[in-house]
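Asker: The structure follows.
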Amino acid sequence: MQNMKGAVLKARIAFIEEHFGKDGVAKVLAKLPAADRATLSIILPIRWYPFDVGERMDAAIVDALGNGDTSFFERLGSASAERNLLTVHKGFLRPGDPHAFLRNAPIIFRTYYESGRRDYENTGPTSAVLTTHEAEAFSVPDCLTIVGWHKKALEMCGATGVKITETHCRAKGGTVCRYEISWNAISGEQFARD
């Protein structure tokens with residue numbers, strides 16, 4: 001069974017509370033089975049949790065708050081990156097060098113997911129491909145959070161005009177999840193302020 005770190009679930013709860021308040025969190029939790037509510041009552045960022053709990057949480061988020069729209073999961077991923085990469089996972093950032101950051105993709109993946117792997121391929125000075133293989137569990141919302149997370153992370157490394165397109169998705173019948181990434185340039189202004 002695929003597991004994910006509590007940090008992933010905690011980021012979702014924090015995003016909901018920030019954007020929808022405690023009432024939003026209560027609405028999402030009310031949509032979940034009692035066993036999931038018990039599991040989520042105390043989320044430890046470093047503990048492993050079953051992926052299917054996160055999957056049910058994502059469905060509850062869409063049902064309770066998203067009016068059936070999954071697109072805001074990209075915003076959730078962005079908020080998660082900003083929260084985690086400014087604190088506990090700050091060491092992953094490589095200011096001024098997006099490729100150095102992306103080379104850590106296999107390690108970053110293992111930080112959040114227990115099975116499967118993610119490969120990085122440099123496809124040019126301002127482009128790359130990330131491919132997730134052999135993950136035991138996958139979902140469209142999780143893939144959208146991955147897009148948002150990496151886009152924000154690259155911006156935090158100074159990349160401008162970041163575009164990420166998931167060209168293959170296991171949740172949509174693909175054999176892997178593949179993310180094609182490009183950016184325009186590196187902004188030096190950010191690093192002058194840091």
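Labels for the structure tokens follow display order: chains A, B, ..., residues from 1 in each chain, ligands from 1.
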Going by DSSP on the backbone, which bits of chain A are strand (DSSP E or B)? Write them as a PyMOL selection string, please.

Answerer: chain A and resi 3-5+48-50+113+117-124+127-133+159-160+163-168+177-182+185-186

Asker: Residues near Phe51 of chain A, anyone? I mean within 7 Å using only C-alpha atoms, not counting same-chain ones fewer than 2 positions away, as JSON, numbers by chain.

Answerer: {"A": [2, 3, 4, 49, 53, 54, 55, 137]}

Asker: Given the selection you just returned, output its residues as a file containing N, CA and C atoms, formatted as a PDB file, in the first residue's frame.

Answerer:
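The file below, result-v3.pdb, is the result:
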```
ATOM      1  N   GLN A   2       0.564   2.184  -0.858  1.00  0.00           N
ATOM      2  CA  GLN A   2       1.298   3.451  -0.935  1.00  0.00           C
ATOM      3  C   GLN A   2       1.004   4.289   0.296  1.00  0.00           C
ATOM      4  N   ASN A   3       2.033   4.885   0.860  1.00  0.00           N
ATOM      5  CA  ASN A   3       1.879   5.809   1.982  1.00  0.00           C
ATOM      6  C   ASN A   3       2.427   7.168   1.599  1.00  0.00           C
ATOM      7  N   MET A   4       1.919   8.183   2.282  1.00  0.00           N
ATOM      8  CA  MET A   4       2.402   9.548   2.088  1.00  0.00           C
ATOM      9  C   MET A   4       2.698  10.149   3.457  1.00  0.00           C
ATOM     10  N   TYR A  49       1.200   7.993   6.366  1.00  0.00           N
ATOM     11  CA  TYR A  49      -0.244   7.776   6.391  1.00  0.00           C
ATOM     12  C   TYR A  49      -0.645   7.092   5.085  1.00  0.00           C
ATOM     13  N   VAL A  53      -6.258   7.579   2.495  1.00  0.00           N
ATOM     14  CA  VAL A  53      -6.835   8.580   3.392  1.00  0.00           C
ATOM     15  C   VAL A  53      -6.733   9.954   2.717  1.00  0.00           C
ATOM     16  N   GLY A  54      -5.573  10.252   2.140  1.00  0.00           N
ATOM     17  CA  GLY A  54      -5.390  11.505   1.414  1.00  0.00           C
ATOM     18  C   GLY A  54      -6.301  11.597   0.203  1.00  0.00           C
ATOM     19  N   GLU A  55      -6.482  10.480  -0.477  1.00  0.00           N
ATOM     20  CA  GLU A  55      -7.354  10.456  -1.654  1.00  0.00           C
ATOM     21  C   GLU A  55      -8.801  10.757  -1.260  1.00  0.00           C
ATOM     22  N   ALA A 137      -0.086   4.252  -5.702  1.00  0.00           N
ATOM     23  CA  ALA A 137      -1.344   4.986  -5.699  1.00  0.00           C
ATOM     24  C   ALA A 137      -1.121   6.332  -6.391  1.00  0.00           C
TER      25      ALA A 137
END
```

Asker: Suppose you want the space between atom CA of Arg94 of chain A and atom CA of Leu76 of chain A; what is it in Å?

Answerer: 21.9 Å

Asker: Compile the contact shell of Ile42 of chain A as a list in words: residues with an atom at most 10 Å away, counting only C-alpha atoms, same-chain residues fewer than 5 positions apart removed.

Answerer: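 Here the answer would be Gly6, Lys10 and Arg37 of chain A.
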
Asker: If you run DSSP on the backbone here, which positions in segment 18-178 of chain A get alpha helix (DSSP H)? Please write them as a PyMOL selection string.

Answerer: chain A and resi 18-30+34-40+51-65+73-85+98-102+105-112+140-156

Asker: By how many Å are atom CA of Pro45 of chain A and atom CA of Val140 of chain A apart?

Answerer: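 According to the coordinates, atom CA of Pro45 of chain A and atom CA of Val140 of chain A are separated by 22.4 Å.
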
Asker: What does the structure give for the distance between atom CA of Ala60 of chain A and atom CA of Leu9 of chain A, in Å to one decimal?

Answerer: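 Pair atom CA of Ala60 of chain A / atom CA of Leu9 of chain A returns 12.8 Å.
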
Asker: Tell me which of A:Glu180, A:Lys151, A:Val88, A:Pro125 sits closest to Thr165 of chain A, counting only C-alpha atoms.

Answerer: A:Glu180

Asker: Using only C-alpha atoms, pick whichever of A:Ile61, A:Phe15, A:Lys5, A:Glu114 has the shortest atom-to-atom distance to Lys27 of chain A.

Answerer: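 Of the candidates, the smallest distance to Lys27 of chain A is held by A:Ile61.
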